[in-house]
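Source file: protein.cif. Holds: mmCIF, C-alpha atoms.
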```cif
data_structure
#
loop_
_atom_site.label_atom_id
_atom_site.label_comp_id
_atom_site.auth_asym_id
_atom_site.auth_seq_id
_atom_site.Cartn_x
_atom_site.Cartn_y
_atom_site.Cartn_z
CA MET P 1 6.89 -13.78 -27.07
CA ARG P 2 8.66 -14.28 -23.75
CA ALA P 3 6.55 -13.98 -20.60
CA VAL P 4 9.61 -12.79 -18.65
CA ASP P 5 12.65 -11.49 -20.51
CA ARG P 6 16.12 -11.18 -18.95
CA VAL P 7 14.97 -10.11 -15.49
CA ASN P 8 17.88 -9.57 -13.11
CA LEU P 9 16.62 -8.76 -9.63
CA THR P 10 17.99 -8.90 -6.09
CA ILE P 11 15.59 -8.51 -3.16
CA ASP P 12 17.07 -7.83 0.26
CA ALA P 13 16.22 -9.98 3.29
CA GLY P 14 13.38 -8.42 5.27
CA GLU P 15 12.36 -6.13 2.43
CA PHE P 16 8.81 -5.33 1.33
CA PHE P 17 9.29 -5.49 -2.42
CA THR P 18 6.49 -4.96 -4.93
CA LEU P 19 6.30 -5.99 -8.57
CA LEU P 20 3.98 -3.49 -10.24
CA GLY P 21 2.62 -3.66 -13.75
CA PRO P 22 -0.46 -4.08 -15.94
CA SER P 23 -2.13 -7.43 -16.56
CA GLY P 24 0.02 -9.66 -18.74
CA SER P 25 3.25 -7.78 -18.02
CA GLY P 26 5.04 -10.79 -16.49
CA LYS P 27 4.93 -10.02 -12.78
CA THR P 28 2.89 -13.09 -11.76
CA THR P 29 5.03 -15.35 -13.97
CA CYS P 30 8.06 -14.03 -12.12
CA LEU P 31 6.39 -14.81 -8.78
CA ARG P 32 5.45 -18.32 -9.95
CA MET P 33 9.06 -19.02 -10.89
CA ILE P 34 10.24 -17.92 -7.45
CA GLY P 35 7.57 -20.12 -5.86
CA GLY P 36 8.49 -23.13 -8.00
CA PHE P 37 5.18 -23.36 -9.86
CA THR P 38 6.82 -22.45 -13.19
CA LEU P 39 10.34 -23.42 -14.20
CA PRO P 40 12.48 -20.80 -15.96
CA THR P 41 13.93 -21.66 -19.37
CA ALA P 42 17.13 -19.78 -18.51
CA GLY P 43 18.76 -18.17 -15.50
CA ARG P 44 18.97 -19.08 -11.82
CA ILE P 45 16.83 -18.44 -8.74
CA ARG P 46 18.55 -18.18 -5.37
CA ILE P 47 16.94 -17.74 -1.96
CA GLY P 48 19.18 -17.06 1.01
CA GLY P 49 22.19 -18.02 -1.10
CA ALA P 50 20.80 -21.46 -2.03
CA ASP P 51 20.06 -22.30 -5.67
CA VAL P 52 16.41 -23.40 -5.84
CA THR P 53 15.94 -23.11 -9.61
CA LEU P 54 14.86 -26.74 -10.03
CA ALA P 55 13.53 -27.37 -6.52
CA PRO P 56 9.79 -28.20 -6.19
CA PRO P 57 7.57 -25.71 -4.34
CA TYR P 58 7.47 -27.74 -1.11
CA ALA P 59 11.28 -27.74 -0.93
CA ARG P 60 11.59 -23.95 -1.11
CA PRO P 61 11.52 -21.66 1.98
CA VAL P 62 8.58 -19.71 0.56
CA ASN P 63 4.82 -19.65 0.84
CA THR P 64 2.14 -17.97 -1.25
CA VAL P 65 -1.02 -15.99 -0.52
CA PHE P 66 -3.45 -15.89 -3.45
CA GLN P 67 -6.30 -13.52 -4.26
CA ASP P 68 -8.95 -16.22 -3.94
CA TYR P 69 -8.01 -17.27 -0.36
CA ALA P 70 -8.02 -21.03 -1.26
CA LEU P 71 -9.41 -22.05 2.15
CA PHE P 72 -10.94 -25.48 2.76
CA PRO P 73 -14.68 -24.76 3.31
CA HIS P 74 -15.31 -27.94 5.36
CA MET P 75 -12.47 -27.24 7.82
CA SER P 76 -12.48 -24.93 10.80
CA LEU P 77 -10.32 -21.84 10.62
CA ARG P 78 -7.92 -23.41 13.10
CA ASP P 79 -7.53 -26.49 10.92
CA ASN P 80 -7.13 -24.35 7.81
CA VAL P 81 -4.28 -22.41 9.38
CA ALA P 82 -2.70 -25.55 10.87
CA TYR P 83 -2.93 -27.57 7.64
CA PRO P 84 0.73 -27.09 6.57
CA LEU P 85 1.85 -28.37 9.99
CA MET P 86 -0.50 -31.37 9.76
CA VAL P 87 1.12 -32.28 6.44
CA ARG P 88 4.49 -32.17 8.19
CA GLY P 89 3.20 -34.58 10.85
CA MET P 90 3.11 -32.21 13.83
CA ALA P 91 0.92 -33.33 16.75
CA LYS P 92 -2.59 -31.87 16.83
CA ALA P 93 -2.27 -30.02 20.14
CA GLN P 94 0.95 -28.35 19.09
CA ARG P 95 -0.26 -27.30 15.63
CA TRP P 96 -3.56 -26.02 17.04
CA GLN P 97 -1.66 -23.90 19.56
CA LYS P 98 0.45 -22.39 16.78
CA ALA P 99 -2.66 -21.84 14.64
CA ASP P 100 -4.38 -19.93 17.45
CA GLU P 101 -1.23 -17.81 17.89
CA LEU P 102 -1.21 -16.94 14.18
CA LEU P 103 -4.93 -16.11 14.17
CA ALA P 104 -4.32 -13.73 17.05
CA LEU P 105 -1.38 -12.23 15.15
CA VAL P 106 -3.65 -11.34 12.22
CA GLN P 107 -6.24 -9.89 14.61
CA LEU P 108 -8.66 -12.83 14.59
CA PRO P 109 -8.43 -14.19 18.14
CA GLY P 110 -11.00 -16.70 19.34
CA VAL P 111 -12.43 -17.63 15.95
CA GLY P 112 -10.64 -20.94 15.43
CA ASP P 113 -13.81 -23.05 15.61
CA ARG P 114 -15.64 -21.14 12.88
CA LYS P 115 -15.83 -22.11 9.22
CA PRO P 116 -14.63 -19.83 6.38
CA ALA P 117 -18.21 -19.14 5.23
CA ALA P 118 -18.87 -17.29 8.51
CA LEU P 119 -16.23 -14.66 7.74
CA SER P 120 -16.06 -11.57 5.56
CA GLY P 121 -13.69 -11.35 2.63
CA GLY P 122 -11.14 -9.38 4.61
CA GLN P 123 -11.24 -11.86 7.49
CA ARG P 124 -10.78 -14.81 5.13
CA GLN P 125 -7.77 -13.06 3.61
CA ARG P 126 -6.32 -12.75 7.12
CA VAL P 127 -6.82 -16.50 7.64
CA ALA P 128 -5.05 -17.23 4.35
CA LEU P 129 -2.22 -14.98 5.49
CA ALA P 130 -1.97 -16.78 8.84
CA ARG P 131 -1.82 -20.15 7.07
CA ALA P 132 0.99 -18.91 4.81
CA LEU P 133 2.98 -17.63 7.78
CA ILE P 134 2.62 -20.62 10.10
CA GLY P 135 5.50 -22.45 8.43
CA GLN P 136 7.82 -19.45 9.02
CA PRO P 137 8.90 -18.99 5.38
CA GLN P 138 11.92 -16.89 4.47
CA VAL P 139 9.91 -15.27 1.69
CA LEU P 140 6.16 -14.67 1.52
CA LEU P 141 4.76 -14.32 -2.00
CA LEU P 142 1.53 -12.33 -2.25
CA ASP P 143 -0.22 -12.54 -5.62
CA GLU P 144 -2.66 -9.58 -5.71
CA PRO P 145 -4.12 -10.69 -2.35
CA LEU P 146 -6.24 -7.54 -1.89
CA GLY P 147 -7.72 -7.37 -5.38
CA ALA P 148 -11.11 -8.81 -4.41
CA LEU P 149 -11.68 -6.43 -1.48
CA ASP P 150 -13.59 -3.16 -1.56
CA LEU P 151 -11.65 0.10 -1.36
CA LYS P 152 -12.02 0.80 2.38
CA LEU P 153 -11.12 -2.75 3.38
CA ARG P 154 -8.26 -2.82 0.91
CA GLU P 155 -6.76 0.31 2.45
CA GLN P 156 -7.14 -1.16 5.95
CA MET P 157 -5.44 -4.40 4.89
CA GLN P 158 -2.59 -2.44 3.30
CA THR P 159 -1.82 -0.86 6.66
CA GLU P 160 -2.10 -4.19 8.50
CA LEU P 161 0.09 -6.03 5.99
CA LYS P 162 2.83 -3.43 6.22
CA ALA P 163 2.75 -3.46 10.03
CA LEU P 164 2.80 -7.27 10.10
CA GLN P 165 5.76 -7.44 7.74
CA ARG P 166 7.70 -5.00 9.90
CA ARG P 167 6.88 -7.00 13.02
CA LEU P 168 7.89 -10.37 11.57
CA GLY P 169 10.88 -9.22 9.51
CA ILE P 170 9.98 -11.67 6.71
CA THR P 171 10.72 -10.77 3.10
CA PHE P 172 7.46 -9.93 1.32
CA LEU P 173 7.20 -10.07 -2.47
CA PHE P 174 3.92 -8.38 -3.35
CA ILE P 175 2.31 -8.48 -6.79
CA THR P 176 -0.15 -5.80 -7.85
CA HIS P 177 -1.37 -3.67 -10.74
CA ASP P 178 -2.53 -1.00 -8.27
CA GLN P 179 -0.02 1.85 -8.17
CA HIS P 180 -1.43 3.22 -4.90
CA GLU P 181 -0.83 -0.10 -3.14
CA ALA P 182 2.72 -0.21 -4.47
CA LEU P 183 3.55 3.38 -3.50
CA SER P 184 2.06 3.21 0.00
CA MET P 185 3.41 -0.19 1.12
CA SER P 186 6.75 -0.86 -0.52
CA ASP P 187 10.37 -0.37 0.43
CA ARG P 188 11.16 -0.71 -3.28
CA ILE P 189 9.15 -1.22 -6.45
CA GLY P 190 9.97 -3.06 -9.67
CA VAL P 191 7.86 -1.83 -12.59
CA PHE P 192 7.12 -4.52 -15.18
CA ASN P 193 6.17 -3.96 -18.80
CA ALA P 194 6.01 -6.58 -21.58
CA GLY P 195 8.06 -9.08 -19.58
CA ARG P 196 10.83 -6.69 -18.64
CA LEU P 197 11.70 -4.63 -15.61
CA GLU P 198 11.56 -0.99 -16.67
CA GLN P 199 12.74 0.41 -13.34
CA VAL P 200 13.58 -0.68 -9.79
CA GLY P 201 13.68 1.91 -7.03
CA THR P 202 12.05 3.41 -3.97
CA PRO P 203 8.47 4.62 -4.33
CA GLN P 204 9.67 8.22 -4.35
CA ALA P 205 12.30 7.57 -7.01
CA VAL P 206 9.86 5.69 -9.25
CA TYR P 207 7.26 8.44 -8.91
CA ASP P 208 9.48 11.53 -9.12
CA THR P 209 12.17 10.31 -11.52
CA PRO P 210 10.71 7.60 -13.78
CA ALA P 211 13.35 5.90 -15.89
CA THR P 212 11.14 5.48 -18.95
CA ARG P 213 8.06 6.96 -20.59
CA PHE P 214 6.05 3.86 -19.64
CA VAL P 215 6.85 4.27 -15.93
CA ALA P 216 5.97 7.96 -16.07
CA GLN P 217 2.57 7.22 -17.58
CA PHE P 218 1.75 4.08 -15.56
CA VAL P 219 2.70 5.25 -12.07
CA GLY P 220 0.44 8.13 -11.13
CA ALA P 221 -1.11 10.83 -13.28
CA ALA P 222 1.38 12.63 -15.49
CA ASN P 223 1.69 15.22 -18.19
CA VAL P 224 4.06 13.61 -20.71
CA LEU P 225 5.19 16.13 -23.30
CA ASP P 226 6.99 15.67 -26.63
CA GLY P 227 8.37 17.68 -29.48
CA GLU P 228 7.69 21.37 -29.92
CA ALA P 229 5.26 21.59 -27.01
CA SER P 230 7.80 20.03 -24.64
CA GLN P 231 10.58 22.32 -25.85
CA ARG P 232 8.37 25.37 -25.45
CA LEU P 233 7.07 24.50 -21.99
CA THR P 234 9.99 22.63 -20.39
CA GLY P 235 13.08 23.12 -22.52
CA HIS P 236 13.42 19.36 -23.12
CA ALA P 237 12.68 17.20 -26.15
CA ALA P 238 10.51 14.99 -23.93
CA ALA P 239 9.53 15.57 -20.31
CA MET P 240 7.13 14.65 -17.51
CA LEU P 241 5.33 17.06 -15.19
CA ARG P 242 3.05 15.77 -12.43
CA PRO P 243 -0.36 17.53 -12.27
CA GLU P 244 -0.05 18.30 -8.55
CA ARG P 245 3.14 20.31 -9.22
CA ILE P 246 1.16 22.85 -11.26
CA THR P 247 -0.53 25.82 -9.60
CA LEU P 248 -2.66 28.70 -10.84
CA GLY P 249 -1.55 32.32 -10.58
CA GLY P 250 -1.31 35.65 -12.27
CA THR P 251 0.33 36.54 -15.55
CA ALA P 252 3.68 37.38 -13.95
CA ASP P 253 6.19 34.53 -14.39
CA ALA P 254 3.50 32.19 -15.74
CA ARG P 255 5.03 29.26 -17.60
CA ALA P 256 1.90 28.66 -19.69
CA SER P 257 -1.55 30.04 -20.25
CA GLY P 258 -4.65 28.42 -21.65
CA THR P 259 -8.35 27.74 -21.39
CA VAL P 260 -9.97 25.26 -19.02
CA ALA P 261 -11.29 22.41 -21.18
CA GLU P 262 -12.59 20.14 -18.40
CA VAL P 263 -13.08 20.18 -14.63
CA GLN P 264 -13.11 16.92 -12.60
CA TYR P 265 -13.85 16.97 -8.86
CA PHE P 266 -12.22 14.17 -6.82
CA GLY P 267 -12.97 15.35 -3.30
CA ALA P 268 -9.45 16.01 -1.98
CA PHE P 269 -8.47 17.72 -5.22
CA THR P 270 -9.91 19.06 -8.44
CA ARG P 271 -8.29 18.18 -11.76
CA LEU P 272 -8.28 20.79 -14.50
CA LYS P 273 -7.53 19.96 -18.10
CA VAL P 274 -6.14 23.09 -19.68
CA ASP P 275 -5.75 23.63 -23.42
CA THR P 276 -2.51 25.57 -23.82
CA GLY P 277 -2.64 25.63 -27.61
CA GLY P 278 -0.59 22.63 -28.65
CA ALA P 279 -0.63 20.68 -25.37
CA LEU P 280 -3.41 19.66 -22.99
CA LEU P 281 -2.05 19.95 -19.43
CA GLN P 282 -3.62 18.44 -16.32
CA ALA P 283 -3.37 20.44 -13.09
CA ASP P 284 -4.49 19.06 -9.70
CA LEU P 285 -5.62 21.76 -7.29
CA PRO P 286 -6.22 21.02 -3.58
CA SER P 287 -9.88 21.35 -2.67
CA GLU P 288 -10.66 24.07 -0.15
CA ALA P 289 -13.87 24.50 1.83
CA GLY P 290 -15.90 27.21 0.16
CA GLY P 291 -13.20 27.73 -2.47
CA THR P 292 -14.10 28.93 -5.95
CA LEU P 293 -13.09 26.56 -8.73
CA PRO P 294 -12.27 27.60 -12.29
CA GLN P 295 -15.00 26.84 -14.78
CA THR P 296 -14.88 25.35 -18.26
CA GLY P 297 -13.92 27.97 -20.79
CA GLN P 298 -12.18 30.20 -18.24
CA PRO P 299 -8.65 31.46 -19.08
CA VAL P 300 -5.96 30.49 -16.54
CA PHE P 301 -2.22 30.97 -16.04
CA LEU P 302 -0.12 27.96 -15.02
CA HIS P 303 2.94 28.00 -12.78
CA TRP P 304 5.44 25.34 -11.72
CA ASP P 305 8.95 25.10 -10.32
CA ALA P 306 11.53 24.16 -12.93
CA ARG P 307 12.69 21.36 -10.61
CA ALA P 308 9.27 19.69 -11.02
CA VAL P 309 10.06 18.90 -14.65
CA HIS P 310 11.68 15.50 -15.28
CA ALA P 311 13.36 14.97 -18.64
CA LEU P 312 12.58 11.69 -20.40
CA GLY P 313 14.75 9.77 -22.83
CA SER P 314 13.74 9.19 -26.40
#
```
Using the file provided, produce a representation of the structure as structure tokens.
Amino acid sequence: MRAVDRVNLTIDAGEFFTLLGPSGSGKTTCLRMIGGFTLPTAGRIRIGGADVTLAPPYARPVNTVFQDYALFPHMSLRDNVAYPLMVRGMAKAQRWQKADELLALVQLPGVGDRKPAALSGGQRQRVALARALIGQPQVLLLDEPLGALDLKLREQMQTELKALQRRLGITFLFITHDQHEALSMSDRIGVFNAGRLEQVGTPQAVYDTPATRFVAQFVGAANVLDGEASQRLTGHAAAMLRPERITLGGTADARASGTVAEVQYFGAFTRLKVDTGGALLQADLPSEAGGTLPQTGQPVFLHWDARAVHALGS
């Protein structure tokens, strides 16, 4: 089995591009080939027009941020950030000045003398980011860098990463299995499955018009319908309908009716699973203060705009 199979991808300069897919889908292997840590068995890799297919990692205009930070515990934060410049032979005063500038850029001013153990996980990730940026790479590779952070901190770092990328204008190639990260941060997304790119497009295009059944099911919640149920409800042999596109209403013009089989409360919305007699449809209803929610066993009538239905290929 091939880890990456016939991937043909062009990423624009200054773009925030995300490779999204489940574990083992090939996205990290693709990143490692771009970084020079894994050599491809076929094909070419070009960065800025230069062929770097066989070039070692240190000879490529890229740098990598990993999930585990990879900071030197015995070094100060300033020395950690300045390490790539020390390897290049830059004078201490000059590299320390640049390190302090990068620490300020990632919102960690005045902490250069501390050791990594004194920082939180989010702060250490910022230090790793500063170290990767100090060499001014053309492309920054980020291999699930937020995966070890808790939800609140992860959301904060998503905002900071996006703002930093816009400020610097550097090409970011971000790897994640988290669809929310991909949708909220990216200019474009490439969805990986079993070593192949299933779709490349803007977050809106990938979400609203998935190219394949896998993309429809992997990116966001979806009602994926087949056969007789799909023909009856959508007029297509196979189709996708997002739960948030479904509303409740009266019998007039209802596209389906059924019985509530399950109610799940998520705070901002409530998800109903409705048995329509041949298809179980999910409907996400916005939560309202003091609003009355349907209960299990209650009959409901489902409505949606025909434009919300996206036909899927076989």
Which residues of segment 159-204 of chain P come within 12 Å of segment 56-62 of chain P, and for each one, what is the closest pair of atoms and their distance in Å to one decimal, counting all atoms listed in the file, sorted by chain and residue number, as JSON lines?
```
{"residue": "P:Ile170", "atom": "CA", "partner": "P:Val62", "partner_atom": "CA", "distance": 10.2}
{"residue": "P:Thr171", "atom": "CA", "partner": "P:Val62", "partner_atom": "CA", "distance": 9.5}
{"residue": "P:Phe172", "atom": "CA", "partner": "P:Val62", "partner_atom": "CA", "distance": 9.9}
{"residue": "P:Leu173", "atom": "CA", "partner": "P:Val62", "partner_atom": "CA", "distance": 10.2}
```
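Closest approach to Gly21 of chain P among P:Val219, P:Met33, P:Ala256, P:Leu183: P:Val219, based on only C-alpha atoms.
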| task | Find the residue from P:Leu85, P:Leu39, P:Ala311, P:Leu281 that sits nearest to Ala239 of chain P; use all atoms listed in the file when measuring. | result |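 Once distances to Ala239 of chain P are computed over all atoms listed in the file, the minimum belongs to P:Ala311.
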| said: I need the output of the PyMOL selection byres ((chain P and resi 100) around 12) for this file as a count of residues only; which residues are they? | reply: 31
| task | Quote the spacing between atom CA of Glu160 of chain P and atom CA of Ala70 of chain P in Å to one decimal place. | result | 20.3 Å
| Atomic separation - atom CA of Lys162 of chain P relative to atom CA of Leu19 of chain P, Å | 15.4 Å
| said: I'd like the interatomic distance between atom CA of Asp51 of chain P and atom CA of Val191 of chain P, to a tenth of an Å. | reply: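 Computing it gives 24.8 Å between the two atoms.
Distance annotation: of P:Ser287, P:Asn8, P:Thr176, P:Thr251, the residue with the minimal separation from Gly267 of chain P is P:Ser287; atom set is only C-alpha atoms.
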Got a sec: who's within 12 Å of Gln217 of chain P, counting all atoms listed in the file, leaving out chain neighbours fewer than 5 positions off, as a compact mmCIF listing (two decimals) with C-alpha atoms, in the frame of the given file?
```
# COMPACT_ATOMS: atom_id res chain seq x y z
CA GLY P 21 2.62 -3.66 -13.75
CA PRO P 22 -0.46 -4.08 -15.94
CA GLN P 179 -0.02 1.85 -8.17
CA VAL P 191 7.86 -1.83 -12.59
CA ASN P 193 6.17 -3.96 -18.80
CA VAL P 206 9.86 5.69 -9.25
CA TYR P 207 7.26 8.44 -8.91
CA ASP P 208 9.48 11.53 -9.12
CA THR P 209 12.17 10.31 -11.52
CA PRO P 210 10.71 7.60 -13.78
CA ALA P 211 13.35 5.90 -15.89
CA THR P 212 11.14 5.48 -18.95
CA ALA P 222 1.38 12.63 -15.49
CA ASN P 223 1.69 15.22 -18.19
CA VAL P 224 4.06 13.61 -20.71
CA LEU P 225 5.19 16.13 -23.30
CA ALA P 239 9.53 15.57 -20.31
CA MET P 240 7.13 14.65 -17.51
CA LEU P 241 5.33 17.06 -15.19
CA ARG P 242 3.05 15.77 -12.43
CA PRO P 243 -0.36 17.53 -12.27
CA LEU P 312 12.58 11.69 -20.40
```
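Between Thr202 of chain P and the residues P:Glu15, P:Ile45, P:Arg307, P:Arg88, the shortest atom-to-atom distance, using all atoms listed in the file, involves P:Glu15.
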| said: Please expand the PyMOL selection byres ((chain P and resi 71) around 8) into the concrete residues it hits in this file, giving the result as a VMD selection string. | reply: chain P and resid 69 to 70 72 to 73 80 116 124 128
| request: Find the residue from P:Gly35, P:Gly277, P:Gly249, P:Pro40 that sits nearest to Leu140 of chain P; use all atoms listed in the file when measuring. | output: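 Looking only at the distances to Leu140 of chain P, the closest residue turns out to be P:Gly35.
Using all atoms listed in the file for every distance, the candidate list P:Glu144, P:Gly195, P:Phe66, P:Met157 yields P:Glu144 as the residue closest to Asp178 of chain P.
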Can you tell me which residues surround Leu9 of chain P at a distance of at most 12 Å, considering only C-alpha atoms, apart from same-chain residues fewer than 3 positions away, and format the answer as a PDB file with C-alpha atoms, keeping the file's coordinate frame?
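Listing of out.pdb after writing:
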```
ATOM      1  CA  ASP P   5      12.650 -11.490 -20.510  1.00  0.00           C
ATOM      2  CA  ARG P   6      16.120 -11.180 -18.950  1.00  0.00           C
ATOM      3  CA  ASP P  12      17.070  -7.830   0.260  1.00  0.00           C
ATOM      4  CA  PHE P  17       9.290  -5.490  -2.420  1.00  0.00           C
ATOM      5  CA  THR P  18       6.490  -4.960  -4.930  1.00  0.00           C
ATOM      6  CA  LEU P  19       6.300  -5.990  -8.570  1.00  0.00           C
ATOM      7  CA  CYS P  30       8.060 -14.030 -12.120  1.00  0.00           C
ATOM      8  CA  LEU P  31       6.390 -14.810  -8.780  1.00  0.00           C
ATOM      9  CA  ILE P  34      10.240 -17.920  -7.450  1.00  0.00           C
ATOM     10  CA  GLY P  43      18.760 -18.170 -15.500  1.00  0.00           C
ATOM     11  CA  ARG P  44      18.970 -19.080 -11.820  1.00  0.00           C
ATOM     12  CA  ILE P  45      16.830 -18.440  -8.740  1.00  0.00           C
ATOM     13  CA  ARG P  46      18.550 -18.180  -5.370  1.00  0.00           C
ATOM     14  CA  ILE P  47      16.940 -17.740  -1.960  1.00  0.00           C
ATOM     15  CA  LEU P 173       7.200 -10.070  -2.470  1.00  0.00           C
ATOM     16  CA  ARG P 188      11.160  -0.710  -3.280  1.00  0.00           C
ATOM     17  CA  ILE P 189       9.150  -1.220  -6.450  1.00  0.00           C
ATOM     18  CA  GLY P 190       9.970  -3.060  -9.670  1.00  0.00           C
ATOM     19  CA  VAL P 191       7.860  -1.830 -12.590  1.00  0.00           C
ATOM     20  CA  PHE P 192       7.120  -4.520 -15.180  1.00  0.00           C
ATOM     21  CA  ARG P 196      10.830  -6.690 -18.640  1.00  0.00           C
ATOM     22  CA  LEU P 197      11.700  -4.630 -15.610  1.00  0.00           C
ATOM     23  CA  GLU P 198      11.560  -0.990 -16.670  1.00  0.00           C
ATOM     24  CA  GLN P 199      12.740   0.410 -13.340  1.00  0.00           C
ATOM     25  CA  VAL P 200      13.580  -0.680  -9.790  1.00  0.00           C
ATOM     26  CA  GLY P 201      13.680   1.910  -7.030  1.00  0.00           C
TER      27      GLY P 201
END
```
